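First up is the structure itself, then whatever we jot down about it.
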Amino acid sequence: MRYAIISDIHGNYEALTAVLDVIDEMDVDGIVCLGDVVGYGANPNEVVELVRSRADVTVRGNHDQAAVVPAEEAYFNSWAVQAIRWTRDELTEDNLDYLRSLMYESFLADVRLVHASPGEPEKWRYILSPQAAAQEFSTFDESFCFIGHSHVPMIVLRTEVGTSELLEGEVALPAGARVLMNVGSVGQPRNGDPRACFAVLDLEERSARLVPVAYDLHTARTKILQAGLPRFLGDRLLLGQ
Ligand code: ZN
């Protein structure tokens, strides 16, 4: 079985459709979404509806939660607060109900799926370093754990000799090894590469890799400005920061 794993789309329709076009060229058996479907971008309804129709599994992100639980704004910076209030007003009742229905974690065979951290998915902790990732391995039993949340791709391998970060953008698990992998962000990358990013998992090969995808970020940025959202949220798409 092969799966495409997408995360942190953040209402960016141009990025999501470009990624789905690439996925459709691949021979995958399913699509998994790790949350933050909305927030920041200008097409929350269109993106929710595409995810609803295309993803086999979707877990809850902190922006999805804030769209339906306003008290969660307390943890957001001012740009994120402005964007999530605008998003909440835009979303249809049906799409809000869908976001309410999302769970904090999900599973495939030998795979853990969560937005932020496998240990405490409801606390939205960031795993920003290989050292922080190393501490998470005691919180899950599966061979693969996929996360999003930081918008920065990261692959950390755990073998019997220790834990190490892999910088090649792909991993093939040796026997007995496990991996924690951040799949990056479809709709608001922050790793200095403005391309959308997602991952492909091959359960037979026990391998996974990151796939960057160029998309029409200028249209996505223009829509953010036209919606009256903070200019910074549009400009950062150009930089991937
Ligand atoms: Zn996010």
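Going through the structure tokens in order, the chains are called A, B, and so on, while each chain numbers its residues from 1 and the ligands are numbered from 1 in the order shown.
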Query raised in the report: Given a cut-off of 12 Å, what residues near ligand 1 show up using only C-alpha atoms and all ligand atoms, put as a PyMOL selection string?
Result: chain A and resi 6-12+33-41+60-66+76+80+84+115-116+124-126+147-152+182-190
Quick one: pick out all strand (DSSP E or B) residues within segment 10-241 of chain A from a backbone DSSP run and write them as a CSV table (one decimal) with all heavy atoms, in the first residue's frame.
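Below you can see selection-v5.csv, which holds the result:
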chain,number,residue,atom,x,y,z
A,30,GLY,N,-4.2,5.7,-1.2
A,30,GLY,CA,-5.0,6.6,-0.3
A,30,GLY,C,-4.2,7.9,0.0
A,30,GLY,O,-3.0,8.0,-0.3
A,31,ILE,N,-5.0,8.8,0.5
A,31,ILE,CA,-4.5,10.1,0.9
A,31,ILE,C,-4.8,10.4,2.4
A,31,ILE,O,-5.9,10.1,2.8
A,31,ILE,CB,-5.1,11.3,0.0
A,31,ILE,CG1,-4.7,11.1,-1.4
A,31,ILE,CG2,-4.6,12.6,0.5
A,31,ILE,CD1,-5.3,12.1,-2.4
A,32,VAL,N,-3.8,10.8,3.1
A,32,VAL,CA,-3.9,11.1,4.5
A,32,VAL,C,-3.6,12.6,4.7
A,32,VAL,O,-2.7,13.1,4.2
A,32,VAL,CB,-2.9,10.2,5.3
A,32,VAL,CG1,-2.9,10.7,6.8
A,32,VAL,CG2,-3.3,8.8,5.3
A,33,CYS,N,-4.4,13.2,5.6
A,33,CYS,CA,-4.2,14.7,5.9
A,33,CYS,C,-3.9,14.8,7.4
A,33,CYS,O,-4.8,14.4,8.2
A,33,CYS,CB,-5.4,15.5,5.4
A,33,CYS,SG,-5.2,17.3,5.9
A,57,VAL,N,-8.3,9.8,5.4
A,57,VAL,CA,-8.1,10.0,6.9
A,57,VAL,C,-7.7,11.5,7.0
A,57,VAL,O,-6.8,11.9,6.3
A,57,VAL,CB,-7.1,9.1,7.5
A,57,VAL,CG1,-6.8,9.4,8.9
A,57,VAL,CG2,-7.4,7.6,7.3
A,58,THR,N,-8.3,12.2,8.0
A,58,THR,CA,-7.8,13.5,8.3
A,58,THR,C,-7.8,13.7,9.8
A,58,THR,O,-8.8,13.3,10.5
A,58,THR,CB,-8.7,14.6,7.7
A,58,THR,OG1,-8.7,14.5,6.3
A,58,THR,CG2,-8.2,16.0,8.1
A,59,VAL,N,-6.7,14.2,10.4
A,59,VAL,CA,-6.7,14.4,11.9
A,59,VAL,C,-6.8,15.9,12.1
A,59,VAL,O,-6.6,16.7,11.2
A,59,VAL,CB,-5.4,13.8,12.5
A,59,VAL,CG1,-5.4,12.3,12.4
A,59,VAL,CG2,-4.2,14.5,12.0
A,103,MET,N,-10.6,14.0,14.7
A,103,MET,CA,-9.9,13.4,15.9
A,103,MET,C,-8.5,13.8,16.0
A,103,MET,O,-7.9,14.2,15.0
A,103,MET,CB,-10.0,11.9,15.9
A,103,MET,CG,-11.4,11.3,15.7
A,103,MET,SD,-12.6,11.8,17.0
A,103,MET,CE,-12.2,10.5,18.2
A,105,GLU,N,-5.8,11.9,16.6
A,105,GLU,CA,-4.8,11.0,16.0
A,105,GLU,C,-5.6,9.9,15.2
A,105,GLU,O,-6.7,9.7,15.4
A,105,GLU,CB,-3.9,10.4,17.1
A,105,GLU,CG,-4.7,9.6,18.1
A,105,GLU,CD,-3.8,9.1,19.2
A,105,GLU,OE1,-2.6,9.2,19.2
A,105,GLU,OE2,-4.4,8.5,20.2
A,106,SER,N,-4.8,9.3,14.3
A,106,SER,CA,-5.4,8.2,13.6
A,106,SER,C,-4.2,7.2,13.3
A,106,SER,O,-3.0,7.5,13.6
A,106,SER,CB,-6.0,8.6,12.3
A,106,SER,OG,-6.7,7.6,11.7
A,107,PHE,N,-4.6,6.0,12.8
A,107,PHE,CA,-3.6,5.0,12.6
A,107,PHE,C,-3.9,4.3,11.2
A,107,PHE,O,-5.0,4.1,10.8
A,107,PHE,CB,-3.7,3.9,13.7
A,107,PHE,CG,-3.5,4.5,15.1
A,107,PHE,CD1,-4.6,5.0,15.8
A,107,PHE,CD2,-2.3,4.5,15.7
A,107,PHE,CE1,-4.5,5.5,17.0
A,107,PHE,CE2,-2.1,5.0,16.9
A,107,PHE,CZ,-3.2,5.5,17.6
A,108,LEU,N,-2.8,3.9,10.6
A,108,LEU,CA,-2.8,2.9,9.5
A,108,LEU,C,-2.0,1.7,10.1
A,108,LEU,O,-1.5,1.8,11.2
A,108,LEU,CB,-2.1,3.4,8.3
A,108,LEU,CG,-2.7,4.7,7.6
A,108,LEU,CD1,-1.8,5.2,6.6
A,108,LEU,CD2,-4.1,4.4,7.1
A,111,VAL,N,1.5,2.5,11.5
A,111,VAL,CA,1.7,4.0,11.2
A,111,VAL,C,0.9,4.8,12.2
A,111,VAL,O,-0.3,4.6,12.3
A,111,VAL,CB,1.3,4.3,9.8
A,111,VAL,CG1,1.6,5.8,9.5
A,111,VAL,CG2,2.1,3.5,8.8
A,112,ARG,N,1.5,5.8,12.9
A,112,ARG,CA,0.8,6.7,13.7
A,112,ARG,C,0.7,8.0,13.0
A,112,ARG,O,1.7,8.5,12.4
A,112,ARG,CB,1.5,6.9,15.0
A,112,ARG,CG,1.0,8.0,16.0
A,112,ARG,CD,0.0,7.4,16.9
A,112,ARG,NE,0.5,6.4,17.8
A,112,ARG,CZ,0.5,6.4,19.1
A,112,ARG,NH1,0.1,7.5,19.7
A,112,ARG,NH2,1.0,5.4,19.8
A,113,LEU,N,-0.5,8.7,13.0
A,113,LEU,CA,-0.8,9.9,12.3
A,113,LEU,C,-1.3,10.9,13.3
A,113,LEU,O,-2.3,10.7,14.0
A,113,LEU,CB,-1.8,9.7,11.2
A,113,LEU,CG,-1.5,8.6,10.2
A,113,LEU,CD1,-2.8,8.2,9.4
A,113,LEU,CD2,-0.4,9.1,9.2
A,114,VAL,N,-0.6,12.1,13.4
A,114,VAL,CA,-1.0,13.1,14.3
A,114,VAL,C,-0.5,14.5,13.8
A,114,VAL,O,0.5,14.5,13.0
A,114,VAL,CB,-0.3,12.8,15.7
A,114,VAL,CG1,1.2,12.8,15.7
A,114,VAL,CG2,-0.8,13.6,16.8
A,144,PHE,N,6.3,3.8,11.9
A,144,PHE,CA,6.3,5.1,11.3
A,144,PHE,C,5.4,6.0,12.2
A,144,PHE,O,4.3,5.6,12.6
A,144,PHE,CB,5.6,5.0,9.9
A,144,PHE,CG,6.4,4.3,8.9
A,144,PHE,CD1,6.3,3.0,8.7
A,144,PHE,CD2,7.3,5.0,8.1
A,144,PHE,CE1,7.0,2.3,7.7
A,144,PHE,CE2,8.1,4.4,7.1
A,144,PHE,CZ,7.9,3.0,6.9
A,145,CYS,N,5.9,7.2,12.4
A,145,CYS,CA,5.0,8.3,12.9
A,145,CYS,C,5.1,9.5,12.0
A,145,CYS,O,6.3,10.0,11.8
A,145,CYS,CB,5.4,8.6,14.4
A,145,CYS,SG,4.4,10.0,15.1
A,146,PHE,N,4.0,10.0,11.5
A,146,PHE,CA,4.0,11.2,10.7
A,146,PHE,C,3.4,12.4,11.4
A,146,PHE,O,2.3,12.2,12.0
A,146,PHE,CB,3.3,10.9,9.3
A,146,PHE,CG,4.0,10.0,8.5
A,146,PHE,CD1,3.8,8.6,8.5
A,146,PHE,CD2,5.0,10.4,7.6
A,146,PHE,CE1,4.4,7.7,7.7
A,146,PHE,CE2,5.7,9.5,6.8
A,146,PHE,CZ,5.4,8.2,6.8
A,147,ILE,N,4.0,13.5,11.3
A,147,ILE,CA,3.5,14.7,12.0
A,147,ILE,C,3.6,15.9,11.0
A,147,ILE,O,4.3,15.8,9.9
A,147,ILE,CB,4.3,15.1,13.2
A,147,ILE,CG1,5.8,15.4,12.9
A,147,ILE,CG2,4.3,13.9,14.2
A,147,ILE,CD1,6.6,15.9,14.1
A,154,MET,N,11.2,17.2,8.4
A,154,MET,CA,12.3,16.6,9.2
A,154,MET,C,12.1,15.1,9.2
A,154,MET,O,11.0,14.6,9.3
A,154,MET,CB,12.2,17.2,10.6
A,154,MET,CG,13.3,16.7,11.5
A,154,MET,SD,13.5,17.6,13.1
A,154,MET,CE,12.0,17.1,13.9
A,155,ILE,N,13.2,14.4,9.1
A,155,ILE,CA,13.1,12.9,9.1
A,155,ILE,C,14.1,12.5,10.2
A,155,ILE,O,15.3,12.7,10.1
A,155,ILE,CB,13.5,12.3,7.8
A,155,ILE,CG1,12.6,12.8,6.7
A,155,ILE,CG2,13.4,10.7,7.9
A,155,ILE,CD1,12.9,12.3,5.3
A,156,VAL,N,13.6,11.8,11.2
A,156,VAL,CA,14.5,11.4,12.3
A,156,VAL,C,14.4,9.8,12.4
A,156,VAL,O,13.3,9.3,12.7
A,156,VAL,CB,14.2,12.1,13.6
A,156,VAL,CG1,15.1,11.5,14.8
A,156,VAL,CG2,14.4,13.6,13.5
A,157,LEU,N,15.5,9.1,12.3
A,157,LEU,CA,15.5,7.7,12.3
A,157,LEU,C,16.0,7.2,13.6
A,157,LEU,O,17.0,7.7,14.2
A,157,LEU,CB,16.4,7.2,11.2
A,157,LEU,CG,16.6,5.7,11.0
A,157,LEU,CD1,15.3,5.1,10.4
A,157,LEU,CD2,17.7,5.4,10.0
A,158,ARG,N,15.3,6.2,14.2
A,158,ARG,CA,15.8,5.5,15.4
A,158,ARG,C,16.1,4.1,15.1
A,158,ARG,O,15.3,3.3,14.6
A,158,ARG,CB,14.6,5.6,16.4
A,158,ARG,CG,14.7,4.6,17.7
A,158,ARG,CD,15.9,5.0,18.6
A,158,ARG,NE,15.8,6.3,19.2
A,158,ARG,CZ,15.3,6.5,20.4
A,158,ARG,NH1,14.7,5.6,21.1
A,158,ARG,NH2,15.3,7.8,20.9
A,159,THR,N,17.4,3.7,15.3
A,159,THR,CA,17.9,2.3,15.2
A,159,THR,C,18.4,1.9,16.5
A,159,THR,O,18.5,2.7,17.5
A,159,THR,CB,19.0,2.2,14.1
A,159,THR,OG1,20.1,2.9,14.6
A,159,THR,CG2,18.5,2.8,12.8
A,162,GLY,N,21.1,4.2,17.8
A,162,GLY,CA,20.9,5.6,18.2
A,162,GLY,C,19.9,6.3,17.3
A,162,GLY,O,19.2,5.6,16.5
A,163,THR,N,19.8,7.6,17.5
A,163,THR,CA,18.8,8.4,16.7
A,163,THR,C,19.6,9.4,15.9
A,163,THR,O,20.5,10.1,16.3
A,163,THR,CB,17.9,9.2,17.7
A,163,THR,OG1,17.4,8.2,18.6
A,163,THR,CG2,16.8,9.9,17.0
A,164,SER,N,19.2,9.6,14.6
A,164,SER,CA,19.9,10.5,13.7
A,164,SER,C,18.9,11.2,12.8
A,164,SER,O,17.9,10.6,12.4
A,164,SER,CB,21.0,9.8,13.0
A,164,SER,OG,20.4,8.7,12.2
A,165,GLU,N,19.2,12.4,12.4
A,165,GLU,CA,18.4,13.1,11.4
A,165,GLU,C,18.9,12.8,10.0
A,165,GLU,O,20.1,12.7,9.8
A,165,GLU,CB,18.5,14.6,11.6
A,165,GLU,CG,17.6,15.4,10.6
A,165,GLU,CD,17.6,16.9,10.9
A,165,GLU,OE1,18.5,17.4,11.6
A,165,GLU,OE2,16.7,17.6,10.3
A,166,LEU,N,18.0,12.5,9.1
A,166,LEU,CA,18.3,12.2,7.7
A,166,LEU,C,18.0,13.5,6.9
A,166,LEU,O,16.9,14.0,6.9
A,166,LEU,CB,17.5,11.0,7.2
A,166,LEU,CG,17.6,9.7,8.0
A,166,LEU,CD1,16.8,8.6,7.3
A,166,LEU,CD2,19.0,9.3,8.2
A,170,GLU,N,14.5,11.4,2.2
A,170,GLU,CA,13.9,10.1,2.1
A,170,GLU,C,14.4,9.1,3.1
A,170,GLU,O,15.5,9.3,3.6
A,170,GLU,CB,14.1,9.5,0.7
A,170,GLU,CG,15.5,9.4,0.3
A,170,GLU,CD,15.6,9.0,-1.2
A,170,GLU,OE1,14.7,8.4,-1.7
A,170,GLU,OE2,16.7,9.4,-1.8
A,171,VAL,N,13.7,8.1,3.4
A,171,VAL,CA,14.1,7.1,4.3
A,171,VAL,C,13.6,5.7,3.9
A,171,VAL,O,12.5,5.6,3.4
A,171,VAL,CB,13.6,7.4,5.8
A,171,VAL,CG1,12.1,7.5,5.8
A,171,VAL,CG2,14.2,6.4,6.8
A,172,ALA,N,14.5,4.7,4.1
A,172,ALA,CA,14.1,3.3,3.9
A,172,ALA,C,14.4,2.6,5.3
A,172,ALA,O,15.6,2.6,5.7
A,172,ALA,CB,14.8,2.6,2.8
A,178,ARG,N,12.8,2.6,13.4
A,178,ARG,CA,11.5,3.3,13.4
A,178,ARG,C,11.8,4.8,12.9
A,178,ARG,O,13.0,5.2,13.0
A,178,ARG,CB,10.9,3.4,14.8
A,178,ARG,CG,10.6,1.9,15.3
A,178,ARG,CD,10.5,1.9,16.8
A,178,ARG,NE,9.3,2.7,17.2
A,178,ARG,CZ,9.2,3.4,18.3
A,178,ARG,NH1,10.3,3.5,19.1
A,178,ARG,NH2,8.1,4.0,18.6
A,179,VAL,N,10.8,5.5,12.5
A,179,VAL,CA,11.1,6.8,12.0
A,179,VAL,C,10.0,7.8,12.5
A,179,VAL,O,8.8,7.4,12.5
A,179,VAL,CB,11.2,6.9,10.5
A,179,VAL,CG1,9.9,6.6,9.8
A,179,VAL,CG2,11.8,8.2,10.0
A,180,LEU,N,10.4,9.0,12.8
A,180,LEU,CA,9.4,10.1,13.0
A,180,LEU,C,9.7,11.1,11.9
A,180,LEU,O,10.8,11.6,11.7
A,180,LEU,CB,9.6,10.7,14.4
A,180,LEU,CG,8.5,11.8,14.8
A,180,LEU,CD1,8.3,11.7,16.3
A,180,LEU,CD2,8.9,13.2,14.4
A,181,MET,N,8.6,11.4,11.1
A,181,MET,CA,8.8,12.2,9.9
A,181,MET,C,7.8,13.4,9.9
A,181,MET,O,6.6,13.2,10.0
A,181,MET,CB,8.6,11.4,8.7
A,181,MET,CG,8.8,12.1,7.4
A,181,MET,SD,9.0,10.8,6.1
A,181,MET,CE,9.1,11.9,4.6
A,182,ASN,N,8.3,14.6,9.8
A,182,ASN,CA,7.5,15.8,9.6
A,182,ASN,C,7.4,16.0,8.1
A,182,ASN,O,8.4,16.1,7.4
A,182,ASN,CB,8.1,17.0,10.2
A,182,ASN,CG,7.1,18.2,10.2
A,182,ASN,OD1,6.5,18.5,9.2
A,182,ASN,ND2,7.0,18.9,11.3
A,196,ALA,N,5.3,23.9,-2.2
A,196,ALA,CA,4.5,23.0,-1.4
A,196,ALA,C,5.2,21.7,-1.1
A,196,ALA,O,6.1,21.3,-1.9
A,196,ALA,CB,3.1,22.7,-2.0
A,197,CYS,N,4.9,21.0,0.0
A,197,CYS,CA,5.7,19.8,0.3
A,197,CYS,C,4.7,18.8,0.9
A,197,CYS,O,3.8,19.1,1.6
A,197,CYS,CB,6.8,20.1,1.3
A,197,CYS,SG,7.9,18.7,1.6
A,198,PHE,N,4.8,17.5,0.5
A,198,PHE,CA,4.1,16.4,1.1
A,198,PHE,C,5.0,15.2,1.1
A,198,PHE,O,6.1,15.2,0.7
A,198,PHE,CB,2.8,16.2,0.3
A,198,PHE,CG,2.9,15.5,-1.0
A,198,PHE,CD1,2.6,14.2,-1.2
A,198,PHE,CD2,3.2,16.2,-2.1
A,198,PHE,CE1,2.7,13.5,-2.4
A,198,PHE,CE2,3.3,15.6,-3.4
A,198,PHE,CZ,3.1,14.3,-3.5
A,199,ALA,N,4.5,14.1,1.6
A,199,ALA,CA,5.3,12.8,1.6
A,199,ALA,C,4.5,11.7,1.0
A,199,ALA,O,3.3,11.7,0.9
A,199,ALA,CB,5.6,12.5,3.1
A,200,VAL,N,5.3,10.7,0.5
A,200,VAL,CA,4.7,9.5,0.0
A,200,VAL,C,5.3,8.3,0.9
A,200,VAL,O,6.5,8.2,1.1
A,200,VAL,CB,5.1,9.2,-1.5
A,200,VAL,CG1,4.5,7.9,-1.9
A,200,VAL,CG2,4.6,10.4,-2.3
A,201,LEU,N,4.4,7.5,1.3
A,201,LEU,CA,4.8,6.3,2.2
A,201,LEU,C,4.5,5.0,1.4
A,201,LEU,O,3.4,4.9,0.8
A,201,LEU,CB,3.9,6.3,3.5
A,201,LEU,CG,3.9,5.0,4.3
A,201,LEU,CD1,5.2,4.7,4.9
A,201,LEU,CD2,2.8,5.2,5.3
A,202,ASP,N,5.5,4.1,1.4
A,202,ASP,CA,5.3,2.8,0.7
A,202,ASP,C,5.5,1.8,1.8
A,202,ASP,O,6.6,1.5,2.3
A,202,ASP,CB,6.4,2.6,-0.4
A,202,ASP,CG,6.1,1.3,-1.2
A,202,ASP,OD1,5.8,0.3,-0.6
A,202,ASP,OD2,6.2,1.4,-2.4
A,207,SER,N,9.4,2.5,3.1
A,207,SER,CA,10.1,3.7,2.8
A,207,SER,C,9.2,4.9,2.7
A,207,SER,O,7.9,4.7,2.6
A,207,SER,CB,10.8,3.5,1.4
A,207,SER,OG,9.8,3.4,0.4
A,208,ALA,N,9.7,6.0,2.9
A,208,ALA,CA,9.0,7.3,2.7
A,208,ALA,C,9.9,8.4,2.2
A,208,ALA,O,11.1,8.3,2.4
A,208,ALA,CB,8.4,7.7,4.1
A,209,ARG,N,9.3,9.3,1.4
A,209,ARG,CA,10.1,10.4,0.9
A,209,ARG,C,9.3,11.7,0.8
A,209,ARG,O,8.0,11.6,0.7
A,209,ARG,CB,10.7,10.0,-0.5
A,209,ARG,CG,9.6,9.8,-1.5
A,209,ARG,CD,10.2,9.3,-2.8
A,209,ARG,NE,9.2,9.0,-3.8
A,209,ARG,CZ,8.8,9.8,-4.8
A,209,ARG,NH1,9.2,11.0,-4.9
A,209,ARG,NH2,7.8,9.4,-5.6
A,210,LEU,N,10.0,12.8,0.8
A,210,LEU,CA,9.3,14.1,0.7
A,210,LEU,C,9.2,14.5,-0.8
A,210,LEU,O,10.2,14.1,-1.6
A,210,LEU,CB,10.2,15.2,1.4
A,210,LEU,CG,10.3,15.0,2.9
A,210,LEU,CD1,11.4,15.9,3.5
A,210,LEU,CD2,8.9,15.3,3.6
A,211,VAL,N,8.2,15.1,-1.2
A,211,VAL,CA,8.0,15.5,-2.6
A,211,VAL,C,7.6,17.0,-2.6
A,211,VAL,O,6.6,17.4,-2.2
A,211,VAL,CB,6.8,14.8,-3.2
A,211,VAL,CG1,6.6,15.1,-4.7
A,211,VAL,CG2,7.0,13.3,-3.0
A,212,PRO,N,8.6,17.9,-3.0
A,212,PRO,CA,8.3,19.3,-3.2
A,212,PRO,C,7.5,19.6,-4.5
A,212,PRO,O,7.8,18.9,-5.5
A,212,PRO,CB,9.7,20.0,-3.2
A,212,PRO,CG,10.6,18.9,-3.6
A,212,PRO,CD,10.0,17.6,-3.4
A,213,VAL,N,6.6,20.5,-4.5
A,213,VAL,CA,5.8,20.8,-5.7
A,213,VAL,C,5.6,22.3,-5.9
A,213,VAL,O,5.2,23.0,-5.0
A,213,VAL,CB,4.3,20.2,-5.5
A,213,VAL,CG1,3.5,20.5,-6.7
A,213,VAL,CG2,4.4,18.7,-5.2
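When only C-alpha atoms are used to measure the gap to Leu225 of chain A, the shortest distance among A:Val48, A:Ile5, A:Ala67, A:Ala42 belongs to A:Ala42.
You will find atom CA of Glu136 of chain A at 16.3 Å from atom CA of Tyr104 of chain A.
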Report task. Compile the contact shell of Asp27 of chain A as a list in words: residues with an atom at most 10 Å away, counting only C-alpha atoms, same-chain residues fewer than 6 positions apart removed. Result -> Met1, Arg2, Tyr3 and Ala4 of chain A
Just all heavy atoms for this one: save the residues we selected as a PDB file, in the first residue's frame.
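As written to disk, out_37.pdb reads:
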ATOM      1  N   MET A   1       0.840  -1.208   0.000  1.00  0.00           N
ATOM      2  CA  MET A   1       0.000   0.000   0.000  1.00  0.00           C
ATOM      3  C   MET A   1       0.872   1.255   0.000  1.00  0.00           C
ATOM      4  O   MET A   1       1.852   1.336   0.732  1.00  0.00           O
ATOM      5  CB  MET A   1      -0.885   0.025   1.257  1.00  0.00           C
ATOM      6  CG  MET A   1      -1.885  -1.118   1.355  1.00  0.00           C
ATOM      7  SD  MET A   1      -3.254  -0.946   0.201  1.00  0.00           S
ATOM      8  CE  MET A   1      -4.347   0.152   1.123  1.00  0.00           C
ATOM      9  N   ARG A   2       0.481   2.215  -0.802  1.00  0.00           N
ATOM     10  CA  ARG A   2       1.198   3.501  -0.838  1.00  0.00           C
ATOM     11  C   ARG A   2       0.207   4.614  -0.505  1.00  0.00           C
ATOM     12  O   ARG A   2      -0.936   4.612  -0.974  1.00  0.00           O
ATOM     13  CB  ARG A   2       1.821   3.747  -2.210  1.00  0.00           C
ATOM     14  CG  ARG A   2       2.884   2.728  -2.583  1.00  0.00           C
ATOM     15  CD  ARG A   2       3.334   2.923  -4.019  1.00  0.00           C
ATOM     16  NE  ARG A   2       4.292   4.011  -4.141  1.00  0.00           N
ATOM     17  CZ  ARG A   2       4.221   4.983  -5.037  1.00  0.00           C
ATOM     18  NH1 ARG A   2       3.225   5.029  -5.885  1.00  0.00           N
ATOM     19  NH2 ARG A   2       5.132   5.906  -5.095  1.00  0.00           N
ATOM     20  N   TYR A   3       0.681   5.532   0.311  1.00  0.00           N
ATOM     21  CA  TYR A   3      -0.157   6.649   0.737  1.00  0.00           C
ATOM     22  C   TYR A   3       0.554   7.976   0.476  1.00  0.00           C
ATOM     23  O   TYR A   3       1.767   8.092   0.702  1.00  0.00           O
ATOM     24  CB  TYR A   3      -0.452   6.564   2.241  1.00  0.00           C
ATOM     25  CG  TYR A   3      -1.346   5.423   2.610  1.00  0.00           C
ATOM     26  CD1 TYR A   3      -0.805   4.185   2.949  1.00  0.00           C
ATOM     27  CD2 TYR A   3      -2.733   5.563   2.602  1.00  0.00           C
ATOM     28  CE1 TYR A   3      -1.618   3.116   3.282  1.00  0.00           C
ATOM     29  CE2 TYR A   3      -3.551   4.495   2.933  1.00  0.00           C
ATOM     30  CZ  TYR A   3      -2.993   3.283   3.277  1.00  0.00           C
ATOM     31  OH  TYR A   3      -3.803   2.233   3.600  1.00  0.00           O
ATOM     32  N   ALA A   4      -0.203   8.974   0.050  1.00  0.00           N
ATOM     33  CA  ALA A   4       0.276  10.359   0.040  1.00  0.00           C
ATOM     34  C   ALA A   4      -0.143  10.979   1.370  1.00  0.00           C
ATOM     35  O   ALA A   4      -1.281  10.801   1.820  1.00  0.00           O
ATOM     36  CB  ALA A   4      -0.346  11.122  -1.121  1.00  0.00           C
TER      37      ALA A   4
END
Query - Contact residues around His218 of chain A with only C-alpha atoms at 12 Å, ignoring same-chain residues under 6 positions, as a VMD selection string - result: chain A and resid 12 to 15 194 to 195 224 to 225 234 to 239
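If only C-alpha atoms are the atoms counted, then among A:Ala214, A:Leu91, A:Phe137, A:Trp79 the closest residue to Arg231 of chain A is A:Trp79.
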Query raised in the report: What separation in Å, quoted to one decimal, exists between atom CA of Ala55 of chain A and atom CA of Asp89 of chain A?
Result: 24.2 Å
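For the atom pair formed by atom CA of Trp86 of chain A and atom CA of Pro70 of chain A, the distance is 11.8 Å, given to one decimal.
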Requested in this report: as a VMD selection string, list the residues of segment 105-161 of chain A assigned to alpha helix (DSSP H) by DSSP on the backbone atoms of this structure.
Outcome: chain A and resid 130 to 136
Could the residues in this selection be saved with N, CA, C and O atoms as a PDB file, in the first residue's frame?
ATOM      1  N   PRO A 130      16.042  17.340  16.103  1.00  0.00           N
ATOM      2  CA  PRO A 130      16.216  15.892  16.228  1.00  0.00           C
ATOM      3  C   PRO A 130      16.256  15.448  17.687  1.00  0.00           C
ATOM      4  O   PRO A 130      15.792  14.348  18.013  1.00  0.00           O
ATOM      5  N   GLN A 131      16.769  16.316  18.553  1.00  0.00           N
ATOM      6  CA  GLN A 131      16.825  15.977  19.975  1.00  0.00           C
ATOM      7  C   GLN A 131      15.410  15.866  20.549  1.00  0.00           C
ATOM      8  O   GLN A 131      15.105  14.948  21.321  1.00  0.00           O
ATOM      9  N   ALA A 132      14.570  16.824  20.189  1.00  0.00           N
ATOM     10  CA  ALA A 132      13.180  16.765  20.656  1.00  0.00           C
ATOM     11  C   ALA A 132      12.465  15.552  20.065  1.00  0.00           C
ATOM     12  O   ALA A 132      11.686  14.880  20.739  1.00  0.00           O
ATOM     13  N   ALA A 133      12.757  15.264  18.799  1.00  0.00           N
ATOM     14  CA  ALA A 133      12.138  14.099  18.157  1.00  0.00           C
ATOM     15  C   ALA A 133      12.562  12.812  18.848  1.00  0.00           C
ATOM     16  O   ALA A 133      11.748  11.895  19.028  1.00  0.00           O
ATOM     17  N   ALA A 134      13.831  12.748  19.252  1.00  0.00           N
ATOM     18  CA  ALA A 134      14.346  11.523  19.880  1.00  0.00           C
ATOM     19  C   ALA A 134      13.538  11.178  21.130  1.00  0.00           C
ATOM     20  O   ALA A 134      13.306  10.000  21.427  1.00  0.00           O
ATOM     21  N   GLN A 135      13.102  12.202  21.847  1.00  0.00           N
ATOM     22  CA  GLN A 135      12.343  11.957  23.079  1.00  0.00           C
ATOM     23  C   GLN A 135      10.937  11.434  22.811  1.00  0.00           C
ATOM     24  O   GLN A 135      10.276  10.913  23.710  1.00  0.00           O
ATOM     25  N   GLU A 136      10.452  11.607  21.577  1.00  0.00           N
ATOM     26  CA  GLU A 136       9.086  11.188  21.263  1.00  0.00           C
ATOM     27  C   GLU A 136       8.968   9.692  20.997  1.00  0.00           C
ATOM     28  O   GLU A 136       7.865   9.152  21.028  1.00  0.00           O
TER      29      GLU A 136
END
Query raised in the report: With only C-alpha atoms as the basis for distance, which of A:Gly240, A:Phe232, A:Glu160, A:Val28 is at the shortest distance from Ser78 of chain A?
Result: A:Phe232
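Restricting the calculation to only C-alpha atoms, the smallest distance between Leu217 of chain A and any of A:Ala175, A:Val51, A:Leu233, A:Ala71 is found for A:Leu233.
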